[in-house]
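Q: File start.txt below, compact mmCIF, C-alpha atoms:
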```txt
# COMPACT_ATOMS: atom_id res chain seq x y z
CA MET A 285 0.00 0.00 0.00
CA LYS A 286 1.38 3.36 -0.99
CA LYS A 287 1.74 6.11 1.56
CA LEU A 288 -0.15 9.19 0.44
CA SER A 289 1.20 12.71 0.81
CA LEU A 290 -0.84 15.58 2.22
CA SER A 291 -1.51 17.00 -1.27
CA GLN A 292 -2.80 13.59 -2.40
CA TRP A 293 -5.15 13.41 0.58
CA LEU A 294 -6.37 16.88 -0.39
CA LEU A 295 -6.90 15.64 -3.95
CA ILE A 296 -8.96 12.71 -2.63
CA GLY A 297 -10.98 15.17 -0.52
CA LEU A 298 -11.60 17.37 -3.57
CA PHE A 299 -12.57 14.29 -5.58
CA LEU A 300 -15.18 13.34 -2.97
CA VAL A 301 -16.55 16.90 -2.82
CA ALA A 302 -16.85 16.98 -6.63
CA LEU A 303 -18.51 13.54 -6.58
CA PHE A 304 -21.01 14.78 -3.98
CA ALA A 305 -21.65 17.95 -6.05
CA THR A 306 -22.29 15.81 -9.17
CA GLY A 307 -24.87 13.74 -7.29
CA PHE A 308 -26.42 16.79 -5.62
CA PHE A 309 -26.91 18.81 -8.81
CA GLY A 310 -27.92 15.73 -10.80
CA PHE A 311 -30.58 14.83 -8.24
CA ARG A 312 -31.82 18.43 -8.10
CA ALA A 313 -32.04 18.60 -11.91
CA ILE A 314 -34.08 15.38 -12.05
CA ARG A 315 -36.36 16.55 -9.21
CA ARG A 316 -36.93 19.87 -10.99
CA ALA A 317 -37.71 18.13 -14.28
CA VAL A 318 -40.22 15.81 -12.58
CA TYR A 319 -41.84 18.71 -10.68
CA TRP A 320 -41.94 20.83 -13.83
CA SER A 321 -43.65 18.11 -15.86
CA ASN A 322 -46.42 17.92 -13.21
CA HIS A 323 -46.76 21.62 -12.28
CA LYS A 324 -46.70 23.90 -15.30
CA ASP A 325 -47.32 27.15 -13.39
CA GLU A 326 -44.34 29.22 -12.33
CA GLN A 327 -44.31 31.79 -9.56
CA ILE A 328 -45.23 35.35 -10.65
CA LYS A 329 -42.24 37.67 -10.23
CA PRO A 330 -41.91 41.50 -10.38
CA TRP A 331 -39.86 41.34 -13.62
CA MET A 332 -42.73 39.74 -15.54
CA SER A 333 -45.01 41.79 -17.76
CA VAL A 334 -48.78 41.26 -17.67
CA ARG A 335 -48.58 39.70 -21.12
CA TYR A 336 -45.85 37.30 -20.00
CA VAL A 337 -47.97 36.17 -17.01
CA ALA A 338 -50.96 35.72 -19.35
CA HIS A 339 -48.80 33.70 -21.76
CA SER A 340 -47.28 31.60 -18.96
CA TYR A 341 -50.64 30.80 -17.32
CA ARG A 342 -52.53 30.50 -20.64
CA VAL A 343 -55.05 33.16 -19.65
CA PRO A 344 -56.33 35.83 -22.11
CA PRO A 345 -54.32 39.05 -21.43
CA PRO A 346 -57.47 41.28 -21.09
CA VAL A 347 -58.50 39.22 -18.01
CA LEU A 348 -55.25 40.14 -16.22
CA PHE A 349 -55.17 43.77 -17.43
CA GLN A 350 -58.70 44.13 -16.07
CA ALA A 351 -57.64 42.66 -12.70
CA LEU A 352 -55.01 45.41 -12.40
CA GLU A 353 -57.48 48.10 -13.55
CA LEU A 354 -55.47 48.73 -16.72
CA GLU A 355 -56.51 49.33 -20.30
CA PRO A 356 -55.57 46.18 -22.27
CA THR A 357 -52.91 47.27 -24.76
CA PRO A 358 -51.34 44.74 -27.11
CA ARG A 359 -47.81 46.17 -26.82
CA ASP A 360 -47.60 46.85 -23.07
CA LYS A 361 -44.16 45.51 -22.08
CA ARG A 362 -43.99 47.16 -18.65
CA PRO A 363 -42.94 44.79 -15.88
CA LEU A 364 -45.13 44.49 -12.77
CA ARG A 365 -42.44 46.37 -10.80
CA ILE A 366 -42.97 49.52 -12.91
CA ILE A 367 -46.79 49.18 -12.97
CA ALA A 368 -46.73 48.92 -9.15
CA ARG A 369 -44.58 52.06 -8.92
CA GLU A 370 -46.93 53.94 -11.26
CA GLN A 371 -50.00 52.83 -9.27
CA ASN A 372 -48.18 53.58 -6.00
CA LYS A 373 -48.84 50.09 -4.65
CA PRO A 374 -46.53 47.36 -3.40
CA VAL A 375 -45.79 44.83 -6.16
CA GLU A 376 -46.97 41.98 -3.88
CA ILE A 377 -50.52 43.40 -4.05
CA LEU A 378 -50.45 43.29 -7.85
CA ILE A 379 -49.13 39.71 -7.80
CA SER A 380 -51.89 38.56 -5.45
CA LYS A 381 -54.51 40.30 -7.66
CA LEU A 382 -53.16 38.42 -10.67
CA ASP A 383 -53.13 35.13 -8.75
CA GLU A 384 -56.77 35.64 -7.79
CA ALA A 385 -57.79 36.61 -11.34
CA ILE A 386 -56.09 33.49 -12.75
CA LYS A 387 -57.81 31.31 -10.14
CA ARG A 388 -61.21 32.89 -10.91
CA PHE A 389 -60.70 32.47 -14.66
CA ARG A 390 -59.78 28.79 -14.28
CA GLN A 391 -62.79 28.10 -12.04
CA SER A 392 -65.28 29.88 -14.28
CA PRO A 393 -67.27 27.68 -16.70
CA ARG A 394 -65.80 27.80 -20.20
CA PRO A 395 -67.94 28.39 -23.29
CA PRO A 396 -68.43 25.18 -25.32
CA PRO A 397 -65.95 24.68 -28.17
CA PRO A 398 -67.15 25.85 -31.61
CA PRO A 399 -68.81 23.14 -33.72
CA ALA A 400 -66.63 21.15 -36.12
CA THR A 401 -66.47 22.71 -39.56
CA ASP A 402 -64.98 19.73 -41.43
CA GLY A 403 -68.38 18.63 -42.60
CA GLY A 404 -68.24 15.37 -40.64
CA THR A 405 -71.39 13.82 -39.22
CA PRO A 406 -71.91 14.37 -35.48
CA PRO A 407 -71.65 11.27 -33.31
CA MET B 1122 -36.55 42.39 -5.20
CA SER B 1123 -33.28 40.78 -6.24
CA PHE B 1124 -30.71 42.35 -8.58
CA SER B 1125 -31.48 39.59 -11.07
CA ASP B 1126 -35.21 40.46 -11.02
CA TYR B 1127 -34.34 44.13 -11.50
CA LEU B 1128 -32.21 43.42 -14.58
CA LEU B 1129 -34.89 41.16 -16.05
CA SER B 1130 -37.54 43.83 -15.57
CA THR B 1131 -35.42 46.31 -17.58
CA LEU B 1132 -35.16 43.88 -20.54
CA GLY B 1133 -38.83 44.31 -21.46
CA VAL B 1134 -38.53 48.11 -21.36
CA TYR B 1135 -35.09 48.81 -22.86
CA GLY B 1136 -34.54 45.59 -24.85
CA LEU B 1137 -31.32 45.01 -26.75
CA PRO B 1138 -28.99 47.46 -24.90
CA VAL B 1139 -29.74 45.60 -21.64
CA LEU B 1140 -29.05 42.26 -23.30
CA PHE B 1141 -25.75 43.54 -24.68
CA GLY B 1142 -24.65 45.11 -21.38
CA VAL B 1143 -25.46 42.10 -19.19
CA LEU B 1144 -23.79 39.60 -21.51
CA PHE B 1145 -20.73 41.83 -21.91
CA VAL B 1146 -20.23 42.33 -18.16
CA GLY B 1147 -21.12 38.69 -17.38
CA SER B 1148 -18.52 37.41 -19.83
CA ILE B 1149 -15.81 39.50 -18.18
CA GLY B 1150 -16.55 37.58 -14.99
CA LEU B 1151 -19.00 39.60 -12.88
CA PRO B 1152 -21.99 37.58 -11.61
CA MET B 1153 -24.89 38.30 -13.99
CA PRO B 1154 -28.06 36.33 -14.80
CA SER B 1155 -26.90 35.96 -18.43
CA SER B 1156 -28.48 32.55 -19.10
CA LEU B 1157 -31.85 33.53 -17.64
CA LEU B 1158 -31.78 36.77 -19.64
CA LEU B 1159 -31.20 34.83 -22.87
CA LEU B 1160 -34.12 32.51 -22.06
CA VAL B 1161 -36.40 35.47 -21.29
CA ALA B 1162 -35.30 37.15 -24.54
CA GLY B 1163 -36.27 33.91 -26.34
CA SER B 1164 -39.67 34.05 -24.68
CA PHE B 1165 -40.11 37.69 -25.80
CA VAL B 1166 -39.20 36.61 -29.34
CA GLU B 1167 -41.95 33.97 -29.20
CA GLN B 1168 -44.46 36.58 -28.00
CA GLY B 1169 -43.47 39.00 -30.79
CA ASP B 1170 -41.92 41.60 -28.47
CA MET B 1171 -38.37 41.11 -29.85
CA SER B 1172 -36.97 39.89 -33.17
CA LEU B 1173 -34.85 36.73 -33.32
CA TRP B 1174 -31.86 37.84 -35.41
CA PRO B 1175 -31.12 41.13 -33.57
CA VAL B 1176 -31.35 39.22 -30.25
CA LEU B 1177 -28.88 36.57 -31.45
CA VAL B 1178 -26.42 39.05 -33.00
CA VAL B 1179 -26.46 41.55 -30.11
CA SER B 1180 -26.16 38.86 -27.40
CA ALA B 1181 -23.30 37.06 -29.16
CA THR B 1182 -21.48 40.36 -29.77
CA GLY B 1183 -21.74 41.37 -26.10
CA ALA B 1184 -20.50 37.98 -24.91
CA ILE B 1185 -17.61 37.85 -27.42
CA LEU B 1186 -16.44 41.39 -26.53
CA GLY B 1187 -16.56 40.55 -22.81
CA ASP B 1188 -14.53 37.38 -23.38
CA ASN B 1189 -11.91 39.35 -25.28
CA ILE B 1190 -11.60 41.87 -22.44
CA GLY B 1191 -10.81 38.88 -20.17
CA TYR B 1192 -8.26 37.58 -22.68
CA ALA B 1193 -6.63 41.02 -22.94
CA LEU B 1194 -6.45 41.29 -19.13
CA GLY B 1195 -4.60 37.98 -18.99
CA ARG B 1196 -2.28 38.77 -21.88
CA TRP B 1197 -1.44 42.38 -21.19
CA GLY B 1198 -2.40 42.67 -17.55
CA GLY B 1199 1.24 42.12 -16.68
CA ARG B 1200 2.81 40.53 -13.62
CA ARG B 1201 0.07 41.63 -11.24
CA VAL B 1202 -2.58 39.39 -12.81
CA ASN B 1203 -0.01 36.60 -13.19
CA ASN B 1204 1.01 36.84 -9.51
CA ARG B 1205 -2.57 37.00 -8.28
CA ILE B 1206 -3.59 33.88 -10.22
CA SER B 1207 -0.36 32.17 -9.21
CA ARG B 1208 -1.16 32.84 -5.52
CA LEU B 1209 -4.75 31.70 -6.08
CA ILE B 1210 -3.76 28.27 -7.39
CA GLY B 1211 -0.78 27.67 -5.07
CA GLY B 1212 2.48 29.00 -6.50
CA GLU B 1213 4.43 29.68 -9.70
CA ALA B 1214 5.29 25.99 -10.32
CA ARG B 1215 1.64 25.02 -10.26
CA LEU B 1216 0.74 27.92 -12.54
CA THR B 1217 3.35 26.73 -15.06
CA ARG B 1218 1.98 23.17 -14.86
CA ALA B 1219 -1.58 24.46 -15.33
CA LYS B 1220 -0.41 26.54 -18.31
CA ASN B 1221 1.27 23.50 -19.92
CA TRP B 1222 -1.84 21.37 -19.32
CA LEU B 1223 -4.07 24.03 -20.84
CA LYS B 1224 -1.81 24.63 -23.86
CA LYS B 1225 -2.43 21.06 -25.02
CA ARG B 1226 -6.23 21.33 -24.78
CA GLU B 1227 -6.87 25.05 -25.07
CA GLY B 1228 -9.01 25.09 -28.24
CA MET B 1229 -11.47 22.50 -26.96
CA THR B 1230 -11.48 24.09 -23.48
CA ILE B 1231 -12.32 27.53 -24.89
CA PHE B 1232 -15.11 26.09 -27.04
CA LEU B 1233 -16.68 23.99 -24.27
CA THR B 1234 -16.53 26.75 -21.63
CA ARG B 1235 -18.57 29.04 -23.91
CA TRP B 1236 -21.71 26.92 -23.95
CA LEU B 1237 -21.48 23.81 -21.77
CA LEU B 1238 -19.15 24.62 -18.85
CA THR B 1239 -20.13 28.30 -18.78
CA PRO B 1240 -19.15 29.06 -15.12
CA LEU B 1241 -15.50 28.39 -16.08
CA GLY B 1242 -15.58 30.77 -19.08
CA PRO B 1243 -14.17 33.96 -17.47
CA ILE B 1244 -11.18 32.18 -15.84
CA ILE B 1245 -10.37 30.41 -19.13
CA ASN B 1246 -10.42 33.79 -20.93
CA ILE B 1247 -7.79 35.19 -18.55
CA THR B 1248 -5.75 31.98 -18.60
CA SER B 1249 -5.76 31.94 -22.41
CA GLY B 1250 -4.29 35.45 -22.36
CA LEU B 1251 -1.75 34.48 -19.68
CA THR B 1252 -0.53 31.49 -21.72
CA ASN B 1253 -0.14 33.73 -24.80
CA TYR B 1254 -2.58 31.54 -26.71
CA SER B 1255 -2.91 32.79 -30.29
CA TRP B 1256 -5.56 35.54 -30.37
CA PRO B 1257 -7.03 34.63 -33.82
CA ARG B 1258 -7.46 31.02 -32.61
CA PHE B 1259 -9.01 32.22 -29.32
CA LEU B 1260 -11.39 34.41 -31.31
CA LEU B 1261 -12.35 31.53 -33.62
CA TYR B 1262 -13.23 29.11 -30.79
CA ASP B 1263 -14.85 31.95 -28.85
CA VAL B 1264 -17.12 32.99 -31.74
CA LEU B 1265 -18.11 29.37 -32.44
CA GLY B 1266 -18.84 28.61 -28.78
CA GLU B 1267 -20.72 31.84 -28.01
CA ALA B 1268 -22.80 31.56 -31.20
CA LEU B 1269 -23.81 28.05 -30.14
CA TRP B 1270 -24.58 29.13 -26.53
CA VAL B 1271 -26.66 32.16 -27.51
CA THR B 1272 -28.61 30.28 -30.19
CA LEU B 1273 -29.23 27.30 -27.90
CA TYR B 1274 -30.51 29.37 -24.98
CA VAL B 1275 -32.61 31.81 -27.03
CA LEU B 1276 -34.25 28.93 -28.88
CA LEU B 1277 -34.88 27.06 -25.61
CA GLY B 1278 -36.48 30.25 -24.26
CA LYS B 1279 -38.57 30.46 -27.43
CA PHE B 1280 -39.78 26.86 -27.21
CA PHE B 1281 -40.39 26.91 -23.44
CA SER B 1282 -41.59 30.51 -23.54
CA ASP B 1283 -44.22 30.00 -20.81
CA SER B 1284 -41.83 28.70 -18.13
CA VAL B 1285 -38.39 30.28 -18.55
CA GLN B 1286 -37.75 30.48 -14.80
CA GLU B 1287 -38.12 26.71 -14.38
CA MET B 1288 -36.05 26.14 -17.49
CA SER B 1289 -33.30 28.41 -16.20
CA ALA B 1290 -33.16 26.63 -12.82
CA LEU B 1291 -33.04 23.24 -14.54
CA LEU B 1292 -30.27 24.33 -16.92
CA GLY B 1293 -28.33 25.87 -14.00
CA ASP B 1294 -28.36 22.58 -12.08
CA PHE B 1295 -27.47 20.65 -15.22
CA THR B 1296 -24.51 22.94 -15.98
CA TRP B 1297 -23.11 22.65 -12.43
CA MET B 1298 -23.55 18.88 -12.59
CA ILE B 1299 -21.47 18.76 -15.79
CA VAL B 1300 -18.79 21.05 -14.25
CA ALA B 1301 -18.60 18.79 -11.17
CA LEU B 1302 -18.47 15.71 -13.40
CA VAL B 1303 -15.52 17.15 -15.35
CA VAL B 1304 -13.71 17.84 -12.04
CA VAL B 1305 -14.44 14.23 -10.93
CA ALA B 1306 -13.05 12.89 -14.24
CA ILE B 1307 -9.86 15.00 -14.11
CA ILE B 1308 -9.06 14.28 -10.43
CA GLY B 1309 -10.11 10.63 -10.77
CA TRP B 1310 -7.76 10.17 -13.73
CA LYS B 1311 -4.94 11.84 -11.78
CA LEU B 1312 -5.51 9.63 -8.72
CA LEU B 1313 -5.77 6.49 -10.83
CA SER B 1314 -2.54 7.21 -12.69
CA HIS B 1315 -0.82 7.80 -9.34
CA LEU B 1316 -2.09 4.50 -7.89
CA ARG B 1317 -1.08 2.58 -11.00
CA SER B 1318 2.49 3.96 -11.12
CA PRO B 1319 5.04 1.58 -9.50
CA THR B 1320 6.12 2.45 -5.95
CA PRO B 1321 9.82 3.06 -5.27
CA ALA B 1322 9.85 -0.03 -3.03
CA LYS B 1323 8.43 -2.28 -5.78
CA THR B 1324 10.88 -0.88 -8.33
CA LYS B 1325 13.76 -1.75 -5.99
CA THR B 1326 12.49 -5.33 -5.49
CA LYS B 1327 12.06 -5.82 -9.24
CA ALA B 1328 15.61 -4.63 -9.90
CA HIS B 1329 16.90 -6.99 -7.20
CA ASP B 1330 15.00 -9.98 -8.71
CA HIS B 1331 16.36 -9.13 -12.13
CA LEU B 1332 19.93 -9.14 -10.81
CA ALA B 1333 19.31 -12.42 -8.98
CA ASP B 1334 18.07 -14.03 -12.23
CA GLU B 1335 21.22 -13.01 -14.06
CA THR B 1336 23.60 -14.52 -11.50
CA PRO B 1337 24.57 -18.12 -12.45
```
Output the structure of this file as structure tokens.
A:
Amino acid sequence: MKKLSLSQWLLIGLFLVALFATGFFGFRAIRRAVYWSNHKDEQIKPWMSVRYVAHSYRVPPPVLFQALELEPTPRDKRPLRIIAREQNKPVEILISKLDEAIKRFRQSPRPPPPPATDGGTPP
Amino acid sequence: MSFSDYLLSTLGVYGLPVLFGVLFVGSIGLPMPSSLLLLVAGSFVEQGDMSLWPVLVVSATGAILGDNIGYALGRWGGRRVNNRISRLIGGEARLTRAKNWLKKREGMTIFLTRWLLTPLGPIINITSGLTNYSWPRFLLYDVLGEALWVTLYVLLGKFFSDSVQEMSALLGDFTWMIVALVVVAIIGWKLLSHLRSPTPAKTKTKAHDHLADETP
């Protein structure tokens, strides 16, 4: 058996740390991927624009603009942080208003899908 | 609100200049949410708020310029940078060994640290300058790697445009896993080659046996 020097022991230590880090980040990546595939919604953050939130949550943008008492404009790129500053409200209030509006929209009954136009016979 | 959130919120308002600035500064080595910004830019492209080609060109240009500042610092930063890095990695002899190791694999290292092992990019830029690696070659691998990184992340942002935060966290973990795996491979190879090399004691015994065989 070879006798190891101090620097070699340090190298072994570093090897073990790197091995642990590989396992740690690998496990976290897999856990994130599994979570992501089951929960599509991501947390609303102050950098997001109303249109981004609408796109992310698959909600029509006018529903969210209305919740924030804003005129729905197709090219409004302002992030929630700036809207909150302009309305003189904390951004957390705006985020909770959006959360509620999304929840309400998802719970509301949807209109039936338009009838098929391919000329096929109904079942 | 975090600094990262602040920068992201300015992207929607000011657009390309923010993208350029963050990628430029991030490539020099300051901590910036560059990857997340690229993903968000991809999402904005998908929503029609930004155009694909200007995003790709401006991001790649910012990153390449930042990398070259790092290279220039290493090459022309003089003894101070050399001494600081030498102290950081444990002495002049180790720095020389690291330089020799890098010289053999520099092209591939530069290319891979642009898009796959991104956290190591800034230190490789400085080291490439320190080792006097040919600038046209550095630029070639840098342009190829950054073009791949920017295109990959913007397109990922475009395709997963409704969940860029989750995507960014996943890619972050994946990148650090790859970095750690590379460290495991390098140190493991070093340890294995040390364990396989013959010990002085064994060498002595072998020499003694050889002599004993030769005696009639």
Q: Mind giving me the straight-line distance from atom CA of B:Tyr1192 to atom CA of B:Thr1248 in Å, one decimal?
A: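 Atom CA of B:Thr1248 lies at a distance of 7.4 Å from atom CA of B:Tyr1192.
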Q: Per residue of chain A within 7 Å of chain B, what are the shortest atom pair and its distance in Å to one decimal, counting all atoms listed in the file, with rows by chain and residue number, as CSV?
A:
```
residue,atom,partner,partner_atom,distance
A:Lys286,CA,B:Thr1320,CA,6.9
A:Leu295,CA,B:Ile1308,CA,7.0
A:Phe299,CA,B:Val1305,CA,5.7
A:Ala302,CA,B:Ala1301,CA,5.2
A:Leu303,CA,B:Val1305,CA,6.0
A:Ala305,CA,B:Ala1301,CA,6.0
A:Thr306,CA,B:Met1298,CA,4.8
A:Phe309,CA,B:Met1298,CA,5.1
A:Gly310,CA,B:Met1298,CA,5.7
A:Arg312,CA,B:Asp1294,CA,6.7
A:Ala313,CA,B:Asp1294,CA,5.4
A:Arg316,CA,B:Leu1291,CA,6.3
A:Ala317,CA,B:Leu1291,CA,6.9
A:Glu326,CA,B:Ser1284,CA,6.3
A:Pro330,CA,B:Asp1126,CA,6.8
A:Trp331,CA,B:Ser1130,CA,3.9
A:Met332,CA,B:Ser1130,CA,6.6
A:His339,CA,B:Asp1283,CA,6.0
A:Ser340,CA,B:Asp1283,CA,3.9
A:Lys361,CA,B:Gly1133,CA,5.5
A:Arg362,CA,B:Val1134,CA,6.2
A:Pro363,CA,B:Ser1130,CA,5.5
```
Q: Could you tell me how far atom CA of B:Gly1191 lies from atom CA of B:Ala1268, in Å and to one decimal?
A: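 Result for atom CA of B:Gly1191 versus atom CA of B:Ala1268: 17.9 Å, one decimal.
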Q: In Å, rounded to a single decimal, give me how far atom CA of B:Leu1140 is from atom CA of B:Ser1249.
A: 25.5 Å
Q: Which polymer residues have any atom within 8 Å of an atom of A:Val347, counting all atoms listed in the file, with same-chain residues fewer than 4 positions away left out, as a list in words?
A: Val343, Ala351, Ala385 and Phe389 of chain A
Q: Padding 6 Å on every side, please: axis-aligned box over the listed atoms of stretch 1261-1266 of chain B, centre and edge lengths to one decimal in Å, as AutoDock Vina command-line options.
A:
```
--center_x -15.6 --center_y 30.8 --center_z -31.2 --size_x 18.5 --size_y 16.4 --size_z 16.8
```
Q: Using only C-alpha atoms, which residues sit within 12 Å of A:Lys381 once same-chain residues fewer than 6 positions away are excluded, as a ChimeraX atom specification?
A: /A:328,334,347-353,364,368,373-375,387-388
